[in-house]
$ cat upload15.txt   # compact mmCIF, C-alpha atoms
# COMPACT_ATOMS: atom_id res chain seq x y z
CA MET A 115 0.00 0.00 0.00
CA PRO A 116 1.41 3.45 -0.90
CA ASN A 117 2.69 5.49 2.02
CA ASP A 118 0.52 8.50 1.32
CA ILE A 119 -2.81 6.85 2.18
CA ARG A 120 -4.06 7.67 5.63
CA ILE A 121 -6.49 5.29 7.27
CA ILE A 122 -8.63 5.90 10.33
CA GLU A 123 -10.59 3.21 12.15
CA VAL A 124 -13.61 5.14 13.43
CA LYS A 125 -15.18 4.29 16.74
CA ARG A 126 -18.86 3.77 17.39
CA SER A 127 -20.52 7.05 18.28
CA ILE A 128 -20.82 7.96 21.95
CA PHE A 129 -23.85 10.17 21.28
CA ASP A 130 -27.36 8.84 21.78
CA ASP A 131 -28.96 11.51 19.69
CA ASN A 132 -27.38 11.51 16.24
CA ASP A 133 -29.70 14.22 14.90
CA LYS A 134 -28.54 16.70 17.54
CA ASP A 135 -24.92 15.76 16.98
CA ALA A 136 -25.30 16.18 13.23
CA ALA A 137 -26.71 19.69 13.74
CA ARG A 138 -23.72 20.44 15.98
CA LEU A 139 -21.28 19.21 13.32
CA ARG A 140 -23.04 21.29 10.65
CA ALA A 141 -22.59 24.38 12.83
CA GLU A 142 -18.89 23.59 13.42
CA LEU A 143 -18.35 23.18 9.69
CA LYS A 144 -20.23 26.40 8.93
CA GLU A 145 -17.89 28.26 11.24
CA LYS A 146 -14.88 26.77 9.48
CA GLN A 147 -16.48 27.40 6.07
CA VAL A 148 -16.15 23.76 5.04
CA PHE A 149 -19.02 22.47 2.87
CA LEU A 150 -19.71 18.77 3.49
CA LEU A 151 -21.49 16.81 0.75
CA ASN A 152 -22.66 13.26 1.52
CA LEU A 153 -22.54 10.90 -1.47
CA MET A 154 -24.54 7.67 -1.27
CA SER A 155 -25.38 4.81 -3.66
CA SER A 156 -25.48 1.04 -4.15
CA PRO A 157 -22.14 -0.73 -4.43
CA GLY A 158 -20.75 -0.27 -7.93
CA SER A 159 -22.86 2.72 -9.03
CA GLY A 160 -19.73 4.71 -9.86
CA LYS A 161 -19.17 6.89 -6.77
CA THR A 162 -15.37 6.75 -7.00
CA THR A 163 -15.25 7.31 -10.77
CA THR A 164 -17.60 10.28 -10.39
CA LEU A 165 -15.43 11.77 -7.63
CA LEU A 166 -12.27 11.36 -9.72
CA ALA A 167 -13.95 13.14 -12.66
CA LEU A 168 -15.23 15.88 -10.32
CA ALA A 169 -11.79 16.41 -8.81
CA ARG A 170 -10.39 17.06 -12.29
CA LEU A 171 -13.20 19.49 -13.16
CA LEU A 172 -13.10 21.36 -9.84
CA SER A 173 -9.32 21.67 -9.73
CA GLY A 174 -8.40 25.36 -9.39
CA ARG A 175 -12.03 26.33 -8.74
CA ILE A 176 -12.47 25.04 -5.17
CA ARG A 177 -10.24 23.10 -2.76
CA MET A 178 -11.84 19.67 -2.64
CA GLY A 179 -11.09 16.67 -0.42
CA VAL A 180 -12.62 13.23 -0.09
CA LEU A 181 -13.50 11.01 2.90
CA GLU A 182 -13.67 7.40 1.71
CA ALA A 183 -15.82 5.20 3.95
CA ASP A 184 -15.53 1.43 3.60
CA ILE A 185 -15.94 -1.63 5.79
CA ASP A 186 -12.22 -2.40 5.76
CA ALA A 187 -10.89 -1.89 2.22
CA SER A 188 -8.69 0.96 0.99
CA VAL A 189 -8.91 0.65 -2.78
CA ASP A 190 -10.89 3.88 -3.17
CA ALA A 191 -8.43 5.99 -1.18
CA GLU A 192 -5.63 4.43 -3.21
CA ALA A 193 -7.41 5.53 -6.41
CA MET A 194 -7.79 9.08 -5.01
CA ALA A 195 -4.14 9.22 -3.94
CA ALA A 196 -3.01 7.98 -7.37
CA ALA A 197 -4.99 10.85 -8.94
CA GLY A 198 -3.51 13.39 -6.52
CA VAL A 199 -6.80 14.04 -4.69
CA LYS A 200 -6.42 14.74 -0.98
CA SER A 201 -8.33 12.00 0.81
CA ILE A 202 -8.54 9.84 3.89
CA GLN A 203 -9.83 6.30 4.23
CA ILE A 204 -12.38 5.69 6.99
CA HIS A 205 -12.85 2.08 8.08
CA THR A 206 -16.22 1.51 9.72
CA GLY A 207 -15.20 -1.83 11.25
CA GLY A 208 -18.11 -3.71 9.71
CA MET A 209 -20.73 -0.99 10.19
CA CYS A 210 -23.00 -0.30 7.21
CA HIS A 211 -23.18 3.47 7.59
CA LEU A 212 -21.54 6.56 9.08
CA ASP A 213 -23.21 8.71 11.70
CA ALA A 214 -22.27 12.32 12.49
CA ASP A 215 -19.63 11.49 15.08
CA MET A 216 -17.91 8.93 12.85
CA THR A 217 -17.92 11.56 10.09
CA ARG A 218 -16.45 14.12 12.53
CA GLN A 219 -13.62 11.73 13.45
CA GLY A 220 -12.81 11.39 9.75
CA LEU A 221 -13.03 15.14 9.09
CA TYR A 222 -10.70 16.13 11.92
CA GLU A 223 -8.17 13.46 10.95
CA PHE A 224 -8.43 14.72 7.36
CA GLY A 225 -7.75 18.29 8.56
CA LEU A 226 -10.13 21.17 7.91
CA ASP A 227 -7.88 24.22 7.70
CA ASP A 228 -7.15 23.74 4.04
CA ALA A 229 -10.50 22.46 2.71
CA GLU A 230 -13.47 24.29 1.20
CA LEU A 231 -15.45 21.25 -0.01
CA VAL A 232 -15.29 17.75 1.48
CA ILE A 233 -17.22 14.96 -0.18
CA LEU A 234 -17.99 11.93 1.97
CA GLU A 235 -18.17 8.76 -0.10
CA ASN A 236 -20.48 6.80 2.19
CA VAL A 237 -20.61 2.98 2.41
CA GLY A 238 -22.20 1.46 -0.72
CA ASN A 239 -25.67 0.69 0.59
CA LEU A 240 -29.17 2.06 -0.12
CA VAL A 241 -30.63 1.30 3.32
CA CYS A 242 -28.53 2.18 6.37
CA PRO A 243 -26.73 5.38 5.25
CA ALA A 244 -30.10 7.05 4.60
CA GLU A 245 -31.04 6.57 8.26
CA PHE A 246 -28.18 8.63 9.68
CA ASP A 247 -27.67 12.38 9.28
CA THR A 248 -23.91 12.76 8.76
CA GLY A 249 -23.87 16.52 9.34
CA ALA A 250 -23.63 17.18 5.60
CA VAL A 251 -25.18 20.30 4.07
CA LYS A 252 -26.51 18.32 1.11
CA ASN A 253 -27.07 14.68 0.22
CA MET A 254 -26.43 13.33 -3.26
CA THR A 255 -27.39 9.84 -4.42
CA ILE A 256 -26.16 8.04 -7.52
CA LEU A 257 -28.43 5.59 -9.31
CA SER A 258 -26.72 3.86 -12.21
CA VAL A 259 -28.59 2.76 -15.33
CA PRO A 260 -27.79 -0.99 -14.93
CA GLU A 261 -29.48 -1.04 -11.49
CA GLY A 262 -32.89 -0.39 -13.03
CA ASP A 263 -35.42 2.42 -12.88
CA ASP A 264 -37.42 0.91 -10.00
CA LYS A 265 -34.91 1.60 -7.21
CA PRO A 266 -36.81 4.63 -5.81
CA LEU A 267 -39.78 2.28 -5.26
CA LYS A 268 -37.67 -0.18 -3.27
CA TYR A 269 -35.44 2.12 -1.19
CA PRO A 270 -37.81 4.99 -0.37
CA LEU A 271 -35.91 6.62 2.50
CA MET A 272 -32.77 7.08 0.39
CA TYR A 273 -34.74 9.09 -2.16
CA GLU A 274 -36.62 11.08 0.48
CA LYS A 275 -33.32 12.17 2.02
CA CYS A 276 -31.44 13.11 -1.14
CA ASP A 277 -31.25 16.59 -2.62
CA LEU A 278 -29.68 15.59 -5.92
CA LEU A 279 -30.21 12.33 -7.76
CA VAL A 280 -27.42 11.69 -10.24
CA ILE A 281 -28.24 9.05 -12.85
CA ASN A 282 -24.89 7.59 -13.88
CA LYS A 283 -23.68 5.29 -16.68
CA MET A 284 -25.85 7.02 -19.28
CA ASP A 285 -23.35 5.75 -21.89
CA VAL A 286 -24.77 2.22 -21.54
CA LEU A 287 -28.44 3.25 -21.70
CA PRO A 288 -28.94 1.48 -25.09
CA TYR A 289 -28.05 -1.89 -23.54
CA PHE A 290 -30.46 -1.80 -20.59
CA ASP A 291 -34.22 -1.62 -20.07
CA PHE A 292 -33.99 1.63 -18.12
CA ASP A 293 -36.66 4.31 -18.51
CA LEU A 294 -35.24 7.68 -17.45
CA GLU A 295 -38.69 9.27 -17.21
CA LYS A 296 -39.97 6.45 -15.02
CA ALA A 297 -36.94 6.68 -12.70
CA ALA A 298 -37.47 10.45 -12.41
CA ALA A 299 -41.21 10.04 -11.73
CA TYR A 300 -40.61 7.37 -9.05
CA ALA A 301 -37.98 9.57 -7.38
CA LYS A 302 -40.21 12.67 -7.47
CA ALA A 303 -43.10 10.68 -6.00
CA ARG A 304 -40.84 10.05 -2.99
CA ASN A 305 -39.43 13.56 -2.91
CA PRO A 306 -40.99 16.36 -5.00
CA HIS A 307 -37.98 18.66 -4.36
CA ILE A 308 -35.37 16.24 -5.67
CA GLU A 309 -33.17 17.49 -8.50
CA ILE A 310 -32.17 15.01 -11.19
CA LEU A 311 -29.04 15.05 -13.33
CA PRO A 312 -28.10 12.35 -15.88
CA ILE A 313 -24.34 11.84 -16.30
CA SER A 314 -21.69 9.45 -17.46
CA ALA A 315 -18.62 9.72 -15.24
CA LYS A 316 -16.83 7.55 -17.81
CA THR A 317 -17.47 9.70 -20.92
CA GLY A 318 -17.83 13.03 -19.10
CA GLU A 319 -21.47 13.60 -20.19
CA GLY A 320 -23.22 15.85 -17.66
CA MET A 321 -20.13 16.19 -15.45
CA GLU A 322 -19.74 19.96 -15.93
CA ALA A 323 -23.40 20.38 -14.93
CA LEU A 324 -22.69 18.35 -11.78
CA ALA A 325 -19.62 20.47 -10.99
CA GLU A 326 -21.73 23.62 -11.47
CA TRP A 327 -24.49 22.27 -9.21
CA ILE A 328 -21.96 21.72 -6.42
CA LEU A 329 -20.31 25.14 -6.83
CA CYS A 330 -23.75 26.77 -6.80
CA GLN A 331 -24.74 24.94 -3.59
CA VAL A 332 -21.51 26.00 -1.90
CA ALA A 333 -21.95 29.63 -2.99
CA SER A 334 -25.56 29.89 -1.75
CA TRP A 335 -24.64 28.16 1.56
CA ARG A 336 -21.80 30.64 2.13
CA GLU A 337 -24.21 33.53 1.59
CA GLY A 338 -26.98 31.97 3.71
CA MET B 446 -52.30 -4.34 -6.50
CA PRO B 447 -53.40 -7.81 -7.69
CA ASN B 448 -55.33 -9.89 -5.15
CA ASP B 449 -52.99 -12.85 -5.29
CA ILE B 450 -50.00 -11.15 -3.66
CA ARG B 451 -49.63 -11.96 -0.01
CA ILE B 452 -47.68 -9.57 2.17
CA ILE B 453 -46.36 -10.18 5.66
CA GLU B 454 -44.89 -7.48 7.90
CA VAL B 455 -42.28 -9.40 9.87
CA LYS B 456 -41.56 -8.57 13.48
CA ARG B 457 -38.16 -8.05 15.01
CA SER B 458 -36.75 -11.34 16.29
CA ILE B 459 -37.36 -12.25 19.91
CA PHE B 460 -34.26 -14.44 20.00
CA ASP B 461 -30.98 -13.12 21.35
CA ASP B 462 -28.90 -15.79 19.69
CA ASN B 463 -29.59 -15.76 15.97
CA ASP B 464 -27.01 -18.47 15.23
CA LYS B 465 -28.77 -20.95 17.49
CA ASP B 466 -32.15 -20.01 16.07
CA ALA B 467 -30.85 -20.41 12.50
CA ALA B 468 -29.61 -23.94 13.36
CA ARG B 469 -33.06 -24.69 14.80
CA LEU B 470 -34.78 -23.46 11.63
CA ARG B 471 -32.42 -25.53 9.46
CA ALA B 472 -33.38 -28.63 11.46
CA GLU B 473 -37.11 -27.83 11.13
CA LEU B 474 -36.73 -27.44 7.38
CA LYS B 475 -34.71 -30.66 7.09
CA GLU B 476 -37.53 -32.51 8.77
CA LYS B 477 -40.03 -31.02 6.33
CA GLN B 478 -37.64 -31.65 3.41
CA VAL B 479 -37.72 -28.00 2.34
CA PHE B 480 -34.40 -26.70 0.95
CA LEU B 481 -33.90 -23.00 1.72
CA LEU B 482 -31.51 -21.04 -0.51
CA ASN B 483 -30.57 -17.49 0.52
CA LEU B 484 -29.97 -15.12 -2.40
CA MET B 485 -28.09 -11.88 -1.72
CA SER B 486 -26.68 -9.01 -3.81
CA SER B 487 -26.47 -5.26 -4.27
CA PRO B 488 -29.65 -3.49 -5.35
CA GLY B 489 -30.13 -3.93 -9.09
CA SER B 490 -27.83 -6.94 -9.65
CA GLY B 491 -30.65 -8.92 -11.22
CA LYS B 492 -31.95 -11.09 -8.36
CA THR B 493 -35.58 -10.97 -9.50
CA THR B 494 -34.77 -11.52 -13.19
CA THR B 495 -32.57 -14.48 -12.25
CA LEU B 496 -35.36 -15.99 -10.12
CA LEU B 497 -37.92 -15.58 -12.91
CA ALA B 498 -35.57 -17.36 -15.35
CA LEU B 499 -34.88 -20.10 -12.78
CA ALA B 500 -38.59 -20.65 -12.14
CA ARG B 501 -39.11 -21.29 -15.87
CA LEU B 502 -36.16 -23.72 -16.02
CA LEU B 503 -37.07 -25.60 -12.83
CA SER B 504 -40.76 -25.92 -13.66
CA GLY B 505 -41.72 -29.62 -13.55
CA ARG B 506 -38.34 -30.57 -12.02
CA ILE B 507 -38.80 -29.28 -8.45
CA ARG B 508 -41.56 -27.36 -6.66
CA MET B 509 -40.04 -23.90 -6.16
CA GLY B 510 -41.31 -20.93 -4.18
CA VAL B 511 -39.92 -17.46 -3.47
CA LEU B 512 -39.80 -15.24 -0.37
CA GLU B 513 -39.35 -11.64 -1.47
CA ALA B 514 -37.83 -9.43 1.24
CA ASP B 515 -38.02 -5.67 0.83
CA ILE B 516 -38.15 -2.62 3.04
CA ASP B 517 -41.76 -1.86 2.12
CA ALA B 518 -42.20 -2.35 -1.64
CA SER B 519 -44.03 -5.20 -3.36
CA VAL B 520 -42.89 -4.88 -6.98
CA ASP B 521 -40.87 -8.11 -6.88
CA ALA B 522 -43.73 -10.24 -5.54
CA GLU B 523 -45.96 -8.67 -8.21
CA ALA B 524 -43.45 -9.77 -10.88
CA MET B 525 -43.42 -13.32 -9.43
CA ALA B 526 -47.22 -13.48 -9.29
CA ALA B 527 -47.50 -12.24 -12.88
CA ALA B 528 -45.18 -15.10 -13.92
CA GLY B 529 -47.20 -17.65 -11.94
CA VAL B 530 -44.45 -18.28 -9.36
CA LYS B 531 -45.71 -19.00 -5.85
CA SER B 532 -44.32 -16.24 -3.65
CA ILE B 533 -44.86 -14.10 -0.62
CA GLN B 534 -43.69 -10.55 0.05
CA ILE B 535 -41.89 -9.94 3.34
CA HIS B 536 -41.71 -6.34 4.53
CA THR B 537 -38.83 -5.75 6.93
CA GLY B 538 -40.21 -2.42 8.18
CA GLY B 539 -37.01 -0.54 7.38
CA MET B 540 -34.57 -3.24 8.49
CA CYS B 541 -31.64 -3.92 6.16
CA HIS B 542 -31.55 -7.70 6.56
CA LEU B 543 -33.52 -10.80 7.59
CA ASP B 544 -32.52 -12.95 10.54
CA ALA B 545 -33.61 -16.57 11.08
CA ASP B 546 -36.81 -15.75 12.95
CA MET B 547 -37.94 -13.19 10.37
CA THR B 548 -37.26 -15.81 7.68
CA ARG B 549 -39.27 -18.37 9.69
CA GLN B 550 -42.24 -15.98 9.90
CA GLY B 551 -42.14 -15.65 6.10
CA LEU B 552 -41.75 -19.39 5.51
CA TYR B 553 -44.69 -20.40 7.69
CA GLU B 554 -46.91 -17.73 6.15
CA PHE B 555 -45.80 -19.00 2.72
CA GLY B 556 -46.72 -22.56 3.70
CA LEU B 557 -44.25 -25.43 3.65
CA ASP B 558 -46.39 -28.48 2.90
CA ASP B 559 -46.20 -28.02 -0.83
CA ALA B 560 -42.63 -26.73 -1.30
CA GLU B 561 -39.37 -28.53 -2.02
CA LEU B 562 -37.18 -25.49 -2.72
CA VAL B 563 -37.70 -22.00 -1.32
CA ILE B 564 -35.43 -19.19 -2.45
CA LEU B 565 -35.22 -16.17 -0.17
CA GLU B 566 -34.56 -12.98 -2.14
CA ASN B 567 -32.87 -11.03 0.65
CA VAL B 568 -32.79 -7.20 0.90
CA GLY B 569 -30.49 -5.68 -1.75
CA ASN B 570 -27.44 -4.91 0.38
CA LEU B 571 -23.88 -6.27 0.54
CA VAL B 572 -23.29 -5.51 4.21
CA CYS B 573 -26.06 -6.40 6.68
CA PRO B 574 -27.55 -9.60 5.15
CA ALA B 575 -24.11 -11.27 5.34
CA GLU B 576 -24.09 -10.79 9.11
CA PHE B 577 -27.22 -12.86 9.78
CA ASP B 578 -27.61 -16.61 9.27
CA THR B 579 -31.14 -17.00 7.86
CA GLY B 580 -31.30 -20.75 8.40
CA ALA B 581 -30.61 -21.41 4.72
CA VAL B 582 -28.73 -24.53 3.61
CA LYS B 583 -26.73 -22.55 1.05
CA ASN B 584 -25.98 -18.90 0.33
CA MET B 585 -25.75 -17.53 -3.19
CA THR B 586 -24.55 -14.04 -4.08
CA ILE B 587 -24.98 -12.25 -7.38
CA LEU B 588 -22.35 -9.78 -8.56
CA SER B 589 -23.30 -8.05 -11.80
CA VAL B 590 -20.72 -6.94 -14.37
CA PRO B 591 -21.60 -3.20 -14.17
CA GLU B 592 -20.81 -3.16 -10.42
CA GLY B 593 -17.12 -3.80 -11.09
CA ASP B 594 -14.70 -6.62 -10.32
CA ASP B 595 -13.47 -5.09 -7.03
CA LYS B 596 -16.58 -5.79 -4.94
CA PRO B 597 -15.06 -8.83 -3.13
CA LEU B 598 -12.33 -6.48 -1.87
CA LYS B 599 -14.86 -4.03 -0.45
CA TYR B 600 -17.53 -6.33 1.02
CA PRO B 601 -15.41 -9.20 2.40
CA LEU B 602 -17.97 -10.84 4.71
CA MET B 603 -20.50 -11.30 1.89
CA TYR B 604 -17.96 -13.30 -0.11
CA GLU B 605 -16.78 -15.29 2.91
CA LYS B 606 -20.35 -16.39 3.61
CA CYS B 607 -21.40 -17.32 0.09
CA ASP B 608 -21.22 -20.79 -1.40
CA LEU B 609 -21.95 -19.79 -4.99
CA LEU B 610 -20.99 -16.52 -6.64
CA VAL B 611 -23.09 -15.88 -9.72
CA ILE B 612 -21.67 -13.24 -12.04
CA ASN B 613 -24.67 -11.78 -13.86
CA LYS B 614 -25.16 -9.48 -16.87
CA MET B 615 -22.41 -11.21 -18.87
CA ASP B 616 -24.21 -9.93 -22.00
CA VAL B 617 -22.93 -6.40 -21.32
CA LEU B 618 -19.32 -7.43 -20.59
CA PRO B 619 -18.01 -5.67 -23.75
CA TYR B 620 -19.27 -2.30 -22.45
CA PHE B 621 -17.63 -2.38 -19.01
CA ASP B 622 -14.10 -2.56 -17.59
CA PHE B 623 -14.82 -5.81 -15.76
CA ASP B 624 -12.13 -8.48 -15.49
CA LEU B 625 -13.76 -11.85 -14.80
CA GLU B 626 -10.47 -13.45 -13.73
CA LYS B 627 -9.77 -10.63 -11.29
CA ALA B 628 -13.27 -10.88 -9.78
CA ALA B 629 -12.82 -14.64 -9.35
CA ALA B 630 -9.36 -14.23 -7.81
CA TYR B 631 -10.59 -11.56 -5.35
CA ALA B 632 -13.55 -13.76 -4.35
CA LYS B 633 -11.36 -16.86 -3.92
CA ALA B 634 -8.91 -14.88 -1.79
CA ARG B 635 -11.83 -14.25 0.60
CA ASN B 636 -13.22 -17.77 0.31
CA PRO B 637 -11.20 -20.56 -1.35
CA HIS B 638 -14.28 -22.86 -1.45
CA ILE B 639 -16.49 -20.43 -3.35
CA GLU B 640 -17.92 -21.68 -6.64
CA ILE B 641 -18.25 -19.18 -9.48
CA LEU B 642 -20.76 -19.22 -12.31
CA PRO B 643 -21.06 -16.53 -15.03
CA ILE B 644 -24.61 -16.04 -16.35
CA SER B 645 -26.91 -13.65 -18.12
CA ALA B 646 -30.40 -13.92 -16.72
CA LYS B 647 -31.52 -11.74 -19.64
CA THR B 648 -30.16 -13.90 -22.51
CA GLY B 649 -30.23 -17.23 -20.65
CA GLU B 650 -26.45 -17.79 -20.82
CA GLY B 651 -25.35 -20.05 -17.96
CA MET B 652 -28.89 -20.40 -16.57
CA GLU B 653 -29.14 -24.17 -17.13
CA ALA B 654 -25.84 -24.59 -15.25
CA LEU B 655 -27.29 -22.56 -12.38
CA ALA B 656 -30.46 -24.69 -12.36
CA GLU B 657 -28.30 -27.84 -12.32
CA TRP B 658 -26.17 -26.47 -9.47
CA ILE B 659 -29.30 -25.92 -7.36
CA LEU B 660 -30.80 -29.36 -8.16
CA CYS B 661 -27.46 -30.99 -7.30
CA GLN B 662 -27.28 -29.14 -3.95
CA VAL B 663 -30.83 -30.21 -3.09
CA ALA B 664 -30.12 -33.86 -4.04
CA SER B 665 -26.93 -34.12 -1.97
CA TRP B 666 -28.63 -32.39 1.00
CA ARG B 667 -31.50 -34.88 0.89
CA GLU B 668 -29.04 -37.77 0.94
CA GLY B 669 -26.85 -36.19 3.65
$ encode --input "upload15.txt" --output "structure tokens"
Amino acid sequence: MPNDIRIIEVKRSIFDDNDKDAARLRAELKEKQVFLLNLMSSPGSGKTTTLLALARLLSGRIRMGVLEADIDASVDAEAMAAAGVKSIQIHTGGMCHLDADMTRQGLYEFGLDDAELVILENVGNLVCPAEFDTGAVKNMTILSVPEGDDKPLKYPLMYEKCDLLVINKMDVLPYFDFDLEKAAAYAKARNPHIEILPISAKTGEGMEALAEWILCQVASWREG
Amino acid sequence: MPNDIRIIEVKRSIFDDNDKDAARLRAELKEKQVFLLNLMSSPGSGKTTTLLALARLLSGRIRMGVLEADIDASVDAEAMAAAGVKSIQIHTGGMCHLDADMTRQGLYEFGLDDAELVILENVGNLVCPAEFDTGAVKNMTILSVPEGDDKPLKYPLMYEKCDLLVINKMDVLPYFDFDLEKAAAYAKARNPHIEILPISAKTGEGMEALAEWILCQVASWREG
């Protein structure tokens, strides 16, 4: 393993009330002017590839870092390090989600003095991560075309909690029975305020729009 | 919703020791000569499509039924009913897995007198379901090509627990950076006894081999 990957084994939260703790973390981050974006999806939806493409597009426009959360692997942090993206690997020790205190442990180990935008790549899972407020300002979920357009029907809480639904792997749309309009309608039925953005992290389609969405969220949060 | 879909809202287990309860359920099922197969995967790997294809192939060869576990949706049981497959929908009430007692509640509601093979379609999730013995004789995990070949590195327990790894969506292999040999090597590093079977539930590739694998497991279990 390369020397420049830092790994933190987070401890189970000591706080009973995660919602209160998440609000506290949001206030701490606001004071430090660090925008935290929580990225969730199924395993294999393309979270890491999307973050690598975003890091290239946002380079020179905002200082971006990544918290990689995994059960006990470090392949994603290795990919970030290889691409020169500042990141830290969080090991959840078997847990299927991160709560606010686990996120805080990762953020402080990562170091906040130098960051403007930190994206948390949550554990690949459509159930548990949606149940825990991480302290993020916004939640973004990736649904990839091969997973099927019915996912918002089956994992309702994930879609209720997310601000932006990114539909990834649009480059393989011709090979799958995926109806973009259906997926959008199912997601909006769960959450009328959800924004939807089709992309392909592989070909770059829609990636500039995603970068703009993030920059716009950061700008309006700083003003708010 | 069609009238012929039965839904059961399972209750949280009253047993402290799930491993003991799972062994008890396995013994009950052995006595009734019902083979329980636990099917796990990420959301959107093709569990339901694989089960529909299996039901067609196994028709007349073994009496097969399906337990569909979901947070609170019923689309999978609707698909089974439309195809004439005997099934029941289990709602976990937000829980990310089934334990042995929840599985038992589903099985007894399903009815065991008429079944020889029951396949449990577990909640789409690579973390939590691997932590709970459901009482099944064998565990089968689907990894689909679009998810990437690195999943065994990131979700180790799932691969340790599974007897058969089915690699689905082989029909779209040309459109993804998926290395079948790498996936197999990563899985075998976690579990040297794992069997691996590439299929496409959509085109039928490998499906007869999967049907044969199941029939062979049932036959040797009956003799054992």
$ atom_distance --input "upload15.txt" --atom1 "CA of Glu235 (chain A)" --atom2 "CA of Asn152 (chain A)"
6.6 Å
$ closest_residue --input "upload15.txt" --among "B:Cys607, B:Ala628, B:Ala545, B:Ala656" --to "Arg469 (chain B)" --atoms "all atoms listed in the file"
B:Ala545
$ interface_residues --input "upload15.txt" --of "chain B" --to "chain A" --cutoff "9 Å" --atoms "all atoms listed in the file" --output "number ranges by chain"
B: 487-491, 515-520, 539-541, 569-573, 589, 591-593, 595-596, 598-602, 617, 620-621
$ atom_distance --input "upload15.txt" --atom1 "CA of Glu123 (chain A)" --atom2 "CA of His205 (chain A)"
4.8 Å
$ residues_near_point --input "upload15.txt" --point "(-28.3, 15.6, -1.2)" --cutoff "12 Å" --atoms "all atoms listed in the file" --output "JSON, numbers by chain"
{"A": [150, 151, 152, 153, 154, 155, 233, 234, 244, 247, 248, 249, 250, 251, 252, 253, 254, 255, 256, 272, 273, 274, 275, 276, 277, 278, 279, 280, 305, 307, 308, 309, 310, 327, 328, 331]}
$ atom_distance --input "upload15.txt" --atom1 "CA of Gly669 (chain B)" --atom2 "CA of Val479 (chain B)"
13.7 Å
$ closest_residue --input "upload15.txt" --among "B:Ala498, B:Leu557, B:Ala472, B:Leu562" --to "Val511 (chain B)" --atoms "all atoms listed in the file"
B:Leu562
$ axis_aligned_box --input "upload15.txt" --around "region 601-605 of chain B" --padding-each-side "5 Å" --output "JSON"
{"center_x": -18.0, "center_y": -12.2, "center_z": 2.3, "size_x": 15.1, "size_y": 16.1, "size_z": 14.8}
$ closest_residue --input "upload15.txt" --among "B:Arg667, B:Lys477, B:Arg451, B:Lys633" --to "Asp559 (chain B)" --atoms "all atoms listed in the file"
B:Lys477
$ closest_residue --input "upload15.txt" --among "A:Lys316, A:Lys125, A:Arg218, A:Arg177" --to "Leu139 (chain A)" --atoms "only C-alpha atoms"
A:Arg218
$ closest_residue --input "upload15.txt" --among "A:Leu171, A:Ala136, A:Val199, A:Leu181" --to "Asp215 (chain A)" --atoms "all atoms listed in the file"
A:Ala136
$ residues_around --input "upload15.txt" --residues "Thr648 (chain B)" --least-positions-apart "2" --cutoff "9 Å" --atoms "all atoms listed in the file" --output "ChimeraX atom specification"
/B:614-616,644-646,650,652
$ closest_residue --input "upload15.txt" --among "B:Phe623, B:Tyr631, B:Phe555, B:Trp666" --to "Gly510 (chain B)" --atoms "all atoms listed in the file"
B:Phe555
